[in-house]
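Have a look at the structure below before the remarks.
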Amino acid sequence: MRIDITIEGKTLPVNLEDNDATRTLVAALQQQPITYEADDYGGFEKVGGLGRSLPTSDQQITTVAGDVILYNGNQIVLFYGSNSWRYTRLGRIEYQSLDELKSFLRAGQGRISVTLSIAETAGVKTTTSVGHDGKIYALNGTEQKHEPAKGLYIKNGKKYIR
């Protein structure tokens, strides 16, 4: 499962754990996105009240940067550092570098507005029959004029992995 987290118009994906808390959160997000305010705490996290409670399954955890954690059943903690405590792990933000994550979370810069939403997924929505003409097509349906780079394509109506 995946959701998106948006802060000041920038969005990063969050890969979710499979637990009761994330299933409850996703069900709520299917109704509408959730926006809440979060503040720096302890020089290693942003924390904010979710405005609702989620089921907990707390365990002793040592967090790392990028962890998304449920605290006290109703607060979301976004880590840009590390801490050890009893938490329910919700997931992990996908990011390229610690500097990118800290910039995204506006680490040390005070209050931010955080929006959680269902992740937009890319994919083929419709297909049409592709002839057995030896042509290679990208998944978006465009014909590849040259031998493609690594990836997944369609050739002669079947998947073609390069």
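Scheme for the structure tokens: letters A, B, ... for chains in order shown; per-chain residue numbers from 1; ligand numbers from 1 in order shown.
Within 7 Å of Val68 of chain A, once only C-alpha atoms are used and residues closer than 6 positions along the same chain are dropped, the contacting residues are Ile76, Val77, Leu78, Phe79, Arg89, Leu90, Gly91, Arg92 and Ile93 of chain A.
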Contacts of Thr63 of chain A at 8 Å (only C-alpha atoms; same-chain gap of 2+ positions) as JSON, numbers by chain: {"A": [61, 65, 67, 79, 81, 82, 83, 84]}
Could you pull out the helix (DSSP H, G or I) residues of segment 14-141 of chain A from DSSP and send them as a CSV table (one decimal) with C-alpha atoms, in the first residue's frame?
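Just written: result_38.csv:
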```
chain,number,residue,atom,x,y,z
A,20,ASP,CA,-4.7,-2.2,11.3
A,21,ALA,CA,-3.6,1.4,11.7
A,22,THR,CA,-2.7,1.7,8.0
A,23,ARG,CA,-5.8,-0.1,6.8
A,24,THR,CA,-7.9,2.3,8.9
A,25,LEU,CA,-5.9,5.3,7.6
A,26,VAL,CA,-6.3,4.3,4.0
A,27,ALA,CA,-10.1,3.8,4.5
A,28,ALA,CA,-10.3,7.3,5.8
A,29,LEU,CA,-8.2,8.7,2.9
A,30,GLN,CA,-10.5,7.0,0.4
A,31,GLN,CA,-13.2,9.3,1.6
A,98,LEU,CA,18.7,13.1,3.9
A,99,ASP,CA,19.1,16.7,2.7
A,100,GLU,CA,16.1,16.2,0.4
A,101,LEU,CA,14.0,14.8,3.2
A,102,LYS,CA,15.0,17.6,5.7
A,103,SER,CA,14.1,20.2,3.0
A,104,PHE,CA,10.8,18.5,2.3
A,105,LEU,CA,9.9,18.3,6.0
```
Quick one: DSSP strand (DSSP E or B) residues in chain A, as a PyMOL selection string? chain A and resi 2-7+10-16+34-41+45-49+59-62+67-71+75-79+84-93+112-118+136-137+143+152-155+158-161
